[in-house]
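Q: Got a file for you: structure.cif, mmCIF, C-alpha atoms.
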```
data_work
loop_
_atom_site.label_atom_id
_atom_site.label_comp_id
_atom_site.auth_asym_id
_atom_site.auth_seq_id
_atom_site.Cartn_x
_atom_site.Cartn_y
_atom_site.Cartn_z
CA MET D 5 -41.27 -17.91 23.79
CA LYS D 6 -38.64 -15.83 25.58
CA ARG D 7 -37.46 -18.90 27.46
CA VAL D 8 -36.95 -20.80 24.20
CA PHE D 9 -35.02 -17.84 22.77
CA PHE D 10 -32.62 -17.70 25.74
CA VAL D 11 -32.06 -21.44 25.57
CA LEU D 12 -31.13 -21.18 21.88
CA VAL D 13 -28.73 -18.29 22.55
CA ALA D 14 -27.05 -20.19 25.42
CA ALA D 15 -26.73 -23.32 23.28
CA THR D 16 -25.16 -21.34 20.43
CA ALA D 17 -22.67 -19.66 22.76
CA PHE D 18 -21.73 -23.02 24.23
CA LEU D 19 -21.06 -24.47 20.80
CA LEU D 20 -18.87 -21.52 19.87
CA LEU D 21 -16.69 -21.94 22.97
CA PRO D 22 -13.52 -24.09 22.69
CA SER D 23 -14.18 -27.62 23.76
CA ALA D 24 -13.26 -28.31 27.36
CA GLY D 25 -9.95 -30.10 27.70
CA MET D 26 -8.72 -29.18 24.21
CA ALA D 27 -5.08 -28.13 24.45
CA ARG D 28 -3.82 -25.10 22.60
CA GLN D 29 -1.83 -26.09 19.54
CA TRP D 30 1.41 -24.04 19.62
CA THR D 31 3.23 -23.43 16.36
CA LEU D 32 6.99 -23.00 16.29
CA ARG D 33 6.62 -19.27 15.60
CA GLU D 34 4.20 -18.86 18.50
CA CYS D 35 6.58 -20.68 20.83
CA ILE D 36 9.49 -18.43 19.82
CA ASP D 37 7.48 -15.20 20.05
CA TYR D 38 6.09 -16.16 23.46
CA ALA D 39 9.52 -17.09 24.80
CA LEU D 40 11.08 -13.83 23.58
CA GLN D 41 8.46 -11.95 25.59
CA HIS D 42 8.24 -14.07 28.76
CA ASN D 43 11.57 -15.83 29.24
CA ILE D 44 13.04 -14.63 32.56
CA THR D 45 16.65 -14.67 31.38
CA LEU D 46 15.72 -12.37 28.50
CA GLN D 47 13.76 -10.09 30.79
CA LYS D 48 16.81 -9.79 33.05
CA SER D 49 18.99 -8.89 30.07
CA ARG D 50 16.53 -6.14 29.12
CA ILE D 51 16.78 -4.73 32.64
CA SER D 52 20.59 -4.75 32.33
CA ARG D 53 20.25 -2.81 29.10
CA GLN D 54 18.03 -0.20 30.78
CA SER D 55 20.54 0.10 33.61
CA ALA D 56 23.34 0.68 31.10
CA GLN D 57 21.24 3.36 29.40
CA GLU D 58 20.97 5.21 32.73
CA ASP D 59 24.78 5.27 32.85
CA VAL D 60 24.76 6.93 29.43
CA PHE D 61 22.46 9.69 30.68
CA GLN D 62 24.68 10.22 33.71
CA SER D 63 27.94 10.37 31.71
CA ARG D 64 26.42 12.87 29.29
CA SER D 65 25.25 15.05 32.16
CA ALA D 66 28.80 15.04 33.54
CA LEU D 67 29.83 17.17 30.53
CA LEU D 68 27.64 20.02 31.81
CA PRO D 69 28.39 22.41 34.71
CA SER D 70 27.15 21.44 38.14
CA LEU D 71 25.07 23.85 40.20
CA SER D 72 24.33 23.65 43.92
CA ALA D 73 22.74 25.82 46.56
CA SER D 74 23.37 25.73 50.30
CA SER D 75 22.21 27.48 53.43
CA SER D 76 23.12 27.24 57.08
CA GLN D 77 21.40 28.69 60.15
CA ASN D 78 23.33 28.68 63.40
CA ALA D 79 22.27 29.85 66.88
CA THR D 80 24.83 30.72 69.58
CA TRP D 81 24.39 31.14 73.34
CA ARG D 82 26.95 33.10 75.32
CA PRO D 83 25.85 33.04 78.95
CA TRP D 84 28.71 35.24 80.23
CA PRO D 85 29.61 37.75 77.51
CA GLU D 86 32.50 40.11 78.19
CA THR D 87 31.48 43.75 78.18
CA GLY D 88 32.97 45.66 75.27
CA SER D 89 34.14 42.52 73.45
CA ALA D 90 33.88 42.10 69.70
CA THR D 91 32.35 39.12 67.95
CA VAL D 92 32.73 38.09 64.30
CA ALA D 93 29.30 37.56 62.75
CA GLY D 94 28.59 37.25 59.05
CA GLY D 95 32.17 38.10 58.19
CA TYR D 96 32.10 41.34 60.18
CA ALA D 97 33.33 42.22 63.66
CA VAL D 98 30.44 43.50 65.79
CA ALA D 99 30.33 44.72 69.37
CA SER D 100 27.53 43.08 71.28
CA ILE D 101 26.62 41.75 74.65
CA ASP D 102 23.77 39.56 73.35
CA LYS D 103 23.72 36.22 75.09
CA VAL D 104 21.79 34.52 72.26
CA TYR D 105 22.26 35.35 68.59
CA TYR D 106 22.12 33.58 65.23
CA ASN D 107 23.97 33.69 61.92
CA GLY D 108 22.59 32.72 58.53
CA SER D 109 24.54 32.08 55.33
CA TYR D 110 23.28 31.47 51.75
CA ALA D 111 25.37 30.36 48.79
CA VAL D 112 25.04 29.26 45.18
CA SER D 113 28.08 27.62 43.54
CA SER D 114 28.90 26.08 40.19
CA ASN D 115 31.77 23.94 38.88
CA TRP D 116 32.60 22.89 35.35
CA THR D 117 35.39 20.65 34.10
CA VAL D 118 36.42 22.34 30.89
CA TRP D 119 39.03 19.78 29.81
CA ASP D 120 40.38 16.59 31.36
CA GLY D 121 42.12 14.94 28.45
CA ASN D 122 38.74 13.96 26.96
CA ARG D 123 38.19 11.47 29.75
CA ASN D 124 34.65 12.73 30.28
CA ARG D 125 33.78 12.43 26.59
CA ASN D 126 35.36 9.00 26.35
CA ALA D 127 33.32 8.02 29.41
CA VAL D 128 30.20 8.83 27.38
CA LYS D 129 31.42 6.61 24.54
CA LEU D 130 32.22 3.80 26.98
CA SER D 131 28.74 3.95 28.50
CA GLU D 132 27.23 3.87 25.01
CA LYS D 133 29.35 0.80 24.22
CA ALA D 134 28.02 -0.78 27.42
CA VAL D 135 24.47 -0.29 26.11
CA GLU D 136 25.44 -1.99 22.84
CA GLN D 137 27.06 -4.78 24.86
CA ALA D 138 23.86 -5.30 26.85
CA GLU D 139 21.82 -5.39 23.64
CA LEU D 140 24.16 -7.99 22.15
CA ASP D 141 24.01 -10.05 25.35
CA SER D 142 20.24 -10.06 24.98
CA ALA D 143 20.52 -11.02 21.30
CA VAL D 144 22.87 -13.93 22.12
CA THR D 145 20.45 -15.16 24.77
CA ALA D 146 17.51 -14.83 22.36
CA ASN D 147 19.35 -16.82 19.68
CA ASN D 148 20.22 -19.58 22.14
CA ILE D 149 16.61 -19.80 23.26
CA GLN D 150 15.33 -19.94 19.68
CA GLU D 151 17.83 -22.69 18.89
CA GLN D 152 16.76 -24.71 21.93
CA ILE D 153 13.08 -24.25 21.09
CA ALA D 154 13.64 -25.44 17.51
CA GLN D 155 15.49 -28.54 18.73
CA LEU D 156 12.81 -29.38 21.30
CA TYR D 157 10.02 -28.69 18.81
CA VAL D 158 11.50 -31.13 16.29
CA GLN D 159 12.07 -33.67 19.05
CA ILE D 160 8.38 -33.39 19.95
CA LEU D 161 7.35 -33.91 16.33
CA TYR D 162 9.68 -36.88 16.01
CA SER D 163 8.45 -38.39 19.30
CA ALA D 164 4.82 -37.99 18.23
CA GLU D 165 5.49 -39.92 15.02
CA ALA D 166 7.61 -42.46 16.89
CA ILE D 167 4.58 -43.20 19.06
CA ASN D 168 2.53 -43.93 15.94
CA VAL D 169 5.24 -46.23 14.60
CA ASN D 170 5.41 -48.12 17.90
CA LYS D 171 1.63 -48.35 18.11
CA SER D 172 1.51 -49.78 14.59
CA SER D 173 4.16 -52.30 15.59
CA LEU D 174 2.13 -53.15 18.71
CA GLN D 175 -0.98 -53.82 16.59
CA THR D 176 1.03 -56.21 14.43
CA SER D 177 2.39 -57.95 17.53
CA ARG D 178 -1.13 -58.40 18.88
CA LYS D 179 -2.27 -59.91 15.59
CA ASN D 180 0.71 -62.26 15.59
CA GLU D 181 -0.02 -63.26 19.18
CA GLU D 182 -3.68 -63.93 18.34
CA ARG D 183 -2.67 -65.95 15.32
CA GLY D 184 -0.21 -67.86 17.50
CA ARG D 185 -3.00 -68.81 19.91
CA GLU D 186 -5.00 -70.15 16.98
CA PHE D 187 -1.98 -72.20 15.86
CA VAL D 188 -1.52 -73.59 19.37
CA GLU D 189 -5.17 -74.64 19.50
CA ALA D 190 -4.79 -76.25 16.09
CA GLY D 191 -1.61 -78.01 17.21
CA LYS D 192 0.57 -76.17 14.68
CA MET D 193 2.66 -74.21 17.22
CA SER D 194 4.14 -74.94 20.59
CA LYS D 195 3.34 -72.92 23.69
CA ALA D 196 7.00 -71.91 23.86
CA ASP D 197 6.71 -70.19 20.48
CA LEU D 198 3.49 -68.51 21.62
CA ALA D 199 5.34 -67.23 24.70
CA GLN D 200 7.88 -65.56 22.40
CA LEU D 201 5.08 -63.80 20.51
CA THR D 202 3.58 -62.69 23.84
CA SER D 203 6.98 -61.38 24.94
CA GLN D 204 7.31 -59.38 21.72
CA ARG D 205 3.85 -57.89 22.22
CA ALA D 206 4.77 -56.88 25.78
CA GLN D 207 8.02 -55.33 24.54
CA ASP D 208 6.09 -53.27 21.99
CA GLU D 209 3.75 -52.08 24.73
CA TYR D 210 6.81 -51.03 26.70
CA ASN D 211 8.15 -49.17 23.65
CA VAL D 212 4.86 -47.27 23.31
CA VAL D 213 4.92 -46.24 26.97
CA GLU D 214 8.56 -45.14 26.69
CA ALA D 215 7.86 -43.11 23.53
CA GLU D 216 4.92 -41.39 25.23
CA SER D 217 7.10 -40.63 28.24
CA ASN D 218 9.76 -39.08 25.99
CA LEU D 219 7.12 -36.92 24.34
CA ARG D 220 5.84 -35.65 27.69
CA ASN D 221 9.39 -34.90 28.82
CA PHE D 222 10.19 -32.87 25.70
CA LYS D 223 6.95 -30.91 26.15
CA ARG D 224 7.92 -30.24 29.77
CA GLN D 225 11.29 -28.85 28.68
CA LEU D 226 9.62 -26.65 26.09
CA LYS D 227 7.13 -25.33 28.67
CA GLN D 228 10.04 -24.48 30.93
CA LEU D 229 11.69 -22.43 28.18
CA LEU D 230 8.41 -20.62 27.58
CA GLN D 231 8.02 -19.99 31.35
CA ILE D 232 4.61 -21.70 31.31
CA THR D 233 3.40 -23.01 34.66
CA GLY D 234 0.20 -24.72 35.71
CA ASP D 235 -1.38 -28.04 34.85
CA GLU D 236 -3.14 -26.92 31.67
CA GLU D 237 -2.64 -29.23 28.71
CA PHE D 238 0.19 -28.21 26.39
CA ASP D 239 0.60 -29.41 22.83
CA VAL D 240 2.27 -28.29 19.61
CA ALA D 241 0.80 -27.95 16.16
CA VAL D 242 2.03 -30.69 13.86
CA PRO D 243 2.96 -29.14 10.52
CA ALA D 244 2.94 -31.13 7.32
CA THR D 245 6.40 -32.60 6.85
CA THR D 246 7.33 -33.95 3.44
CA ASP D 247 10.29 -35.87 2.16
CA GLU D 248 11.20 -32.81 0.06
CA MET D 249 11.73 -30.78 3.25
CA ALA D 250 14.36 -33.27 4.38
CA LEU D 251 15.99 -33.41 0.95
CA GLN D 252 16.43 -29.69 0.34
CA LEU D 253 19.73 -28.51 -1.06
CA VAL D 254 22.29 -28.10 1.72
CA PRO D 255 23.87 -24.61 1.44
CA PRO D 256 27.67 -24.44 1.06
CA LEU D 257 29.48 -24.49 4.40
CA GLN D 258 31.72 -21.48 3.71
CA GLN D 259 28.77 -19.42 2.52
CA VAL D 260 26.83 -20.06 5.72
CA TYR D 261 29.90 -19.20 7.82
CA GLU D 262 30.61 -15.92 6.02
CA GLN D 263 26.99 -14.81 6.35
CA ALA D 264 26.96 -15.76 10.03
CA LEU D 265 30.11 -13.67 10.64
CA GLN D 266 28.21 -10.60 9.47
CA SER D 267 25.11 -11.12 11.60
CA ARG D 268 25.77 -13.29 14.66
CA PRO D 269 25.68 -11.19 17.87
CA GLU D 270 28.48 -13.15 19.57
CA ILE D 271 30.90 -12.05 16.83
CA ARG D 272 29.76 -8.43 17.04
CA GLN D 273 30.12 -8.73 20.80
CA ALA D 274 33.81 -9.64 20.52
CA LEU D 275 34.41 -6.83 17.98
CA LEU D 276 32.71 -4.41 20.35
CA GLY D 277 35.03 -5.56 23.11
CA ILE D 278 38.05 -4.56 20.99
CA GLU D 279 36.51 -1.12 20.38
CA THR D 280 35.86 -0.74 24.11
CA SER D 281 39.45 -1.65 24.95
CA ASP D 282 40.67 1.09 22.57
CA LEU D 283 38.62 3.62 24.53
CA ASN D 284 40.01 2.26 27.80
CA ILE D 285 43.54 2.79 26.46
CA ARG D 286 42.70 6.43 25.70
CA GLN D 287 41.20 6.83 29.15
CA ALA D 288 44.32 5.45 30.78
CA LYS D 289 46.69 7.66 28.77
CA ALA D 290 44.59 10.73 29.59
CA GLN D 291 45.53 10.38 33.26
CA LYS D 292 48.89 12.02 32.41
CA LEU D 293 47.20 15.15 31.03
CA PRO D 294 46.22 18.29 32.98
CA THR D 295 42.67 18.95 34.11
CA VAL D 296 41.19 22.44 33.69
CA GLY D 297 38.08 23.56 35.50
CA VAL D 298 36.22 26.76 36.27
CA ASN D 299 34.09 27.66 39.26
CA ALA D 300 31.80 30.47 40.34
CA SER D 301 29.87 31.26 43.48
CA ALA D 302 27.51 33.82 45.02
CA VAL D 303 27.36 34.13 48.83
CA THR D 304 25.56 36.30 51.38
CA ASN D 305 24.84 36.11 55.11
CA THR D 306 22.80 37.59 57.92
CA THR D 307 23.14 37.93 61.69
CA SER D 308 20.83 38.94 64.53
CA MET D 309 23.54 41.18 66.01
CA SER D 310 23.27 43.68 63.17
CA ASP D 311 20.91 46.62 63.40
CA ASN D 312 20.16 46.34 59.66
CA GLY D 313 17.14 44.43 58.45
CA TRP D 314 17.31 40.95 56.91
CA ALA D 315 16.86 42.24 53.33
CA SER D 316 19.44 44.96 53.85
CA GLN D 317 21.97 42.47 55.20
CA MET D 318 21.34 40.11 52.27
CA LYS D 319 22.19 42.96 49.91
CA THR D 320 25.16 44.50 51.69
CA ASN D 321 26.80 41.14 52.52
CA PHE D 322 26.37 39.76 48.97
CA ASN D 323 29.61 38.53 47.35
CA MET D 324 30.32 36.94 43.95
CA GLY D 325 33.45 35.17 42.81
CA ALA D 326 34.86 33.07 39.99
CA GLY D 327 38.05 31.16 39.40
CA VAL D 328 40.02 28.75 37.26
CA ASN D 329 41.73 25.66 38.61
CA VAL D 330 44.38 23.61 36.84
CA SER D 331 45.57 20.20 38.04
CA ILE D 332 48.78 18.80 36.53
CA PRO D 333 49.79 15.24 37.47
CA LEU D 334 53.52 14.97 38.08
CA ILE D 335 54.19 11.73 39.92
CA ASP D 336 51.29 9.26 40.30
CA ASN D 337 53.25 6.25 41.62
CA ARG D 338 52.97 4.42 38.27
CA GLN D 339 49.16 4.43 38.27
CA THR D 340 48.93 5.73 34.68
CA LYS D 341 51.46 3.29 33.25
CA THR D 342 49.79 0.37 34.99
CA ALA D 343 46.37 1.44 33.71
CA VAL D 344 47.68 1.73 30.13
CA ASN D 345 49.39 -1.66 30.24
CA LYS D 346 46.28 -3.35 31.65
CA ALA D 347 44.14 -1.75 28.95
CA LEU D 348 46.54 -3.05 26.28
CA LEU D 349 46.40 -6.53 27.79
CA GLN D 350 42.61 -6.33 27.83
CA LYS D 351 42.65 -5.55 24.10
CA GLN D 352 44.80 -8.62 23.43
CA ASN D 353 42.34 -10.69 25.43
CA TYR D 354 39.40 -9.43 23.35
CA GLN D 355 41.31 -10.19 20.13
CA LEU D 356 41.85 -13.75 21.34
CA GLU D 357 38.20 -13.98 22.35
CA LEU D 358 37.19 -12.92 18.83
CA ARG D 359 39.31 -15.67 17.30
CA ASP D 360 37.89 -18.18 19.78
CA LYS D 361 34.30 -17.22 18.97
CA GLN D 362 35.00 -17.37 15.23
CA THR D 363 36.40 -20.87 15.66
CA ALA D 364 33.45 -21.95 17.81
CA LEU D 365 31.00 -20.50 15.29
CA TYR D 366 32.67 -22.34 12.41
CA SER D 367 32.68 -25.58 14.39
CA THR D 368 28.96 -25.25 15.22
CA ILE D 369 28.01 -24.51 11.61
CA GLU D 370 30.24 -27.31 10.33
CA ASN D 371 28.57 -29.74 12.75
CA TYR D 372 25.08 -28.76 11.52
CA TRP D 373 26.30 -28.96 7.91
CA LEU D 374 27.79 -32.43 8.39
CA GLN D 375 24.68 -33.59 10.23
CA ALA D 376 22.46 -32.29 7.42
CA VAL D 377 24.50 -34.01 4.71
CA THR D 378 24.85 -37.25 6.67
CA ASN D 379 21.19 -37.49 7.67
CA GLN D 380 20.05 -36.78 4.13
CA GLU D 381 22.06 -39.75 2.93
CA LYS D 382 20.78 -41.82 5.85
CA PHE D 383 17.22 -40.81 5.05
CA LYS D 384 17.53 -41.88 1.43
CA ALA D 385 18.96 -45.26 2.45
CA ALA D 386 16.51 -45.71 5.35
CA LYS D 387 13.54 -44.95 3.12
CA VAL D 388 14.56 -47.68 0.68
CA ALA D 389 15.28 -50.06 3.56
CA SER D 390 11.93 -49.33 5.20
CA GLU D 391 10.01 -50.02 2.00
CA SER D 392 11.99 -53.22 1.41
CA GLN D 393 11.48 -54.41 4.99
CA GLN D 394 7.75 -53.67 4.72
CA THR D 395 7.45 -55.79 1.57
CA SER D 396 9.62 -58.49 3.09
CA TYR D 397 7.56 -58.63 6.28
CA ILE D 398 4.27 -58.93 4.35
CA LEU D 399 5.69 -61.92 2.46
CA LEU D 400 7.18 -63.31 5.66
CA SER D 401 3.84 -63.10 7.47
CA GLU D 402 2.11 -64.92 4.63
CA GLN D 403 4.75 -67.66 4.66
CA PHE D 404 4.42 -67.93 8.44
CA ARG D 405 0.67 -68.49 8.11
CA GLN D 406 1.37 -71.26 5.61
CA GLY D 407 3.90 -72.84 7.96
CA LEU D 408 6.86 -72.10 5.68
CA LYS D 409 8.61 -69.81 8.20
CA ASN D 410 9.18 -70.30 11.89
CA ILE D 411 8.55 -67.97 14.80
CA VAL D 412 12.16 -66.78 15.01
CA GLU D 413 12.16 -65.66 11.38
CA LEU D 414 8.85 -63.84 11.88
CA MET D 415 10.08 -61.98 14.96
CA THR D 416 13.38 -61.08 13.30
CA GLY D 417 11.53 -59.71 10.28
CA LYS D 418 9.29 -57.59 12.48
CA ASP D 419 12.24 -56.21 14.48
CA ASN D 420 14.01 -55.31 11.24
CA LEU D 421 10.90 -53.51 9.98
CA LEU D 422 10.52 -51.52 13.19
CA MET D 423 14.20 -50.53 13.17
CA ALA D 424 14.02 -49.46 9.52
CA GLN D 425 10.93 -47.32 10.19
CA GLN D 426 12.54 -45.66 13.20
CA ASN D 427 15.75 -44.98 11.26
CA GLU D 428 13.77 -43.42 8.45
CA LEU D 429 11.82 -41.24 10.87
CA GLN D 430 14.87 -40.15 12.84
CA SER D 431 17.01 -39.27 9.82
CA LYS D 432 14.12 -37.37 8.25
CA TYR D 433 13.56 -35.09 11.23
CA LEU D 434 17.26 -34.63 11.90
CA SER D 435 17.70 -33.53 8.29
CA ILE D 436 14.88 -31.00 8.63
CA LEU D 437 16.28 -29.72 11.94
CA ASN D 438 19.84 -29.25 10.73
CA LEU D 439 18.74 -27.60 7.49
CA SER D 440 16.56 -25.20 9.51
CA LEU D 441 19.44 -24.36 11.85
CA LEU D 442 21.78 -23.69 8.93
CA LYS D 443 19.24 -21.21 7.55
CA PHE D 444 18.93 -19.70 11.02
CA TYR D 445 22.68 -19.02 11.08
CA GLN D 446 22.39 -17.50 7.61
CA THR D 447 19.33 -15.30 8.06
CA GLY D 448 18.61 -15.19 11.81
CA ASP D 449 15.13 -16.63 11.31
CA ILE D 450 13.83 -20.11 12.11
CA LYS D 451 10.97 -21.62 10.13
#
```
Please re-express this file's structure in C-alpha cells.
A:
Amino acid sequence: MKRVFFVLVAATAFLLLPSAGMARQWTLRECIDYALQHNITLQKSRISRQSAQEDVFQSRSALLPSLSASSSQNATWRPWPETGSATVAGGYAVASIDKVYYNGSYAVSSNWTVWDGNRNRNAVKLSEKAVEQAELDSAVTANNIQEQIAQLYVQILYSAEAINVNKSSLQTSRKNEERGREFVEAGKMSKADLAQLTSQRAQDEYNVVEAESNLRNFKRQLKQLLQITGDEEFDVAVPATTDEMALQLVPPLQQVYEQALQSRPEIRQALLGIETSDLNIRQAKAQKLPTVGVNASAVTNTTSMSDNGWASQMKTNFNMGAGVNVSIPLIDNRQTKTAVNKALLQKQNYQLELRDKQTALYSTIENYWLQAVTNQEKFKAAKVASESQQTSYILLSEQFRQGLKNIVELMTGKDNLLMAQQNELQSKYLSILNLSLLKFYQTGDIK
C-alpha cells in the first residue's frame, strides 16, 4: 500500500514539473526588467555612480577641521662623549655623559580652512553634480537598451509570423508540384513546366530556412543584450497583435518632442553640463581670492637623560599653540585667467552640445513619426492588396486546373500573393514598433 502511495506522489510531482525542453516564454516587460538588472554596461554605470558618491562624501568632509596625532621615538649612541658637555634633549639643554639615550615626542595638531573663496563648498556642489551626471549616464544607457530590446522583440515577432507565411506558401508550392506531376502523367503538362513548379517549391523551402535563420539570429542578439549565456532554449511570448494596434492614432510630432524635452536624460545631461561649467567658472575666479586658515597643536616630549619620571616629563614639557594663516595670491603666472577662460569655453561647448542633442532628439522622433505614418498607410494598402491577391490566386488556381491558365501565370500569381502577404506583415509590425517608440519618448515606458 505504501509503495502505491509513493508511486502516486512521484507521478503527481512529475506532472507538475515543467515539461523537459520547454523554453521559457519571455514577455517584453520581462526582457526589459531582466536587462536592467543584469546588463554589464548598466552595472558598470552603477559602479561609476557609487564612485562619484564617494567623492561627495570626501568633499563634504573637507569642510571640517582635520586632526592628526604623531609620535617619534629616537635612540642615540655617543661612544665618546665629552666630559662636561651639554646636549639638547626634549627642547632642553642637559649635561650628561650617557653614551646611549633616547628622546620621545608626542603631538596632536589640527588645521581648518575657514575660507578659500568658497572653493571647498563649490567642490561639494561639483561632486554632487558628478553624481547626477553618473545617474543620467545610467539612464541614457537604460533607455538605449530598452529601445534595442523593443526593436529586437518586434523583429522576433515579425520573423515568427514570416516563417508561417513562408510555410503556407511552401504548402501551396508542394500542392502545385503534385498537381503538375498528375498533369504530366495525363499528358496535359510538359516536364519543363513541372521543373518550374519544382524550382518554385525549392525556392519556398529556401525562404523558410532563411526566415528561421533570421529568427534565431534575432533571438541571439536579444540574449546578448540580456547577458544570457548557455545553450538553454530561449523564446519570447507572442502577444496578440491586432490590426487596431497598428492603426492607432499617431500623436502629433511637436507634442512628442516637447514631452521628450522634459524627460529624456540626454537633454537633462546637457543642461547639467551647463550648470557644472558655471560652478567651474566660480572655482576658477576664486583662485584670485585669499585663503584663511586656523591651526592648533599640543606637543610634549620625554628623554632618558632627565632625572624626572616619564609622567612628570610629559606634564612639564607640555606645550599648546594656535595660529591663523592667510595666503594672498599676488602673481600666479596667468593661471587664474587661463582657468577662467577655459571654464567659459567649456560652458560654450556644453551649450552647443545641448543644441546638438535637441536636434538629434527631434530628428529621431521625427523619423519614428514619419515611419509610423508611412507604415500605417502601407499597411492599409497592403491589407487590401493581400486580400485581392488571395482571391485572385484562388481563381487563378482553379483556372489552371481547368487548363485556362499556363504555368507562368500561376507562378506569377503565387509570387504576387507571397509578396503582398509579406508587405502586409512587415508594415503592420513596423507600425506597431514605431507607435510604441513614440509613446516611449513621451512617457518613458515601453509596452
Q: Which residues come within 9 Å of segment 73-81 of chain D, counting all atoms listed in the file, excluding same-chain residues fewer than 3 positions away, as a list in words?
A: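 Counting all atoms listed in the file, the residues come to Asp102, Lys103, Val104, Tyr105, Tyr106, Asn107, Gly108, Ser109, Tyr110, Ala111, Val112, Ser113 and Ser114 of chain D.
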Q: Separation of atom CA of Trp30 of chain D and atom CA of Val240 of chain D, in Å?
A: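 One can read the atom CA of Trp30 of chain D to atom CA of Val240 of chain D distance as 4.3 Å.
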Q: When the PyMOL selection byres ((chain D and resi 362) around 10) is applied to the file above, which residues end up in the set, as a PyMOL selection string?
A: chain D and resi 261+264-265+270-271+274+356-361+363-368
Q: Show me, as a VMD selection string, the residues that have an atom within 8 Å of Gln57 of chain D when counting only C-alpha atoms, minus same-chain residues fewer than 6 positions from it.
A: chain D and resid 131 to 132 135
Q: Just the number, please: distance in Å from atom CA of Gln317 of chain D to atom CA of Ser72 of chain D, one decimal.
A: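 Rounded to one decimal, the two atoms are 22.1 Å apart.
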Q: So that I can check the surroundings of Glu248 of chain D, please list as a list in words every protein, DNA and RNA residue that reaches within 12 Å of it, counting only C-alpha atoms and ignoring chain neighbours fewer than 5 positions away.
A: Leu253, Gln380, Phe383, Lys384, Lys432, Tyr433, Ser435, Ile436 and Leu439 of chain D
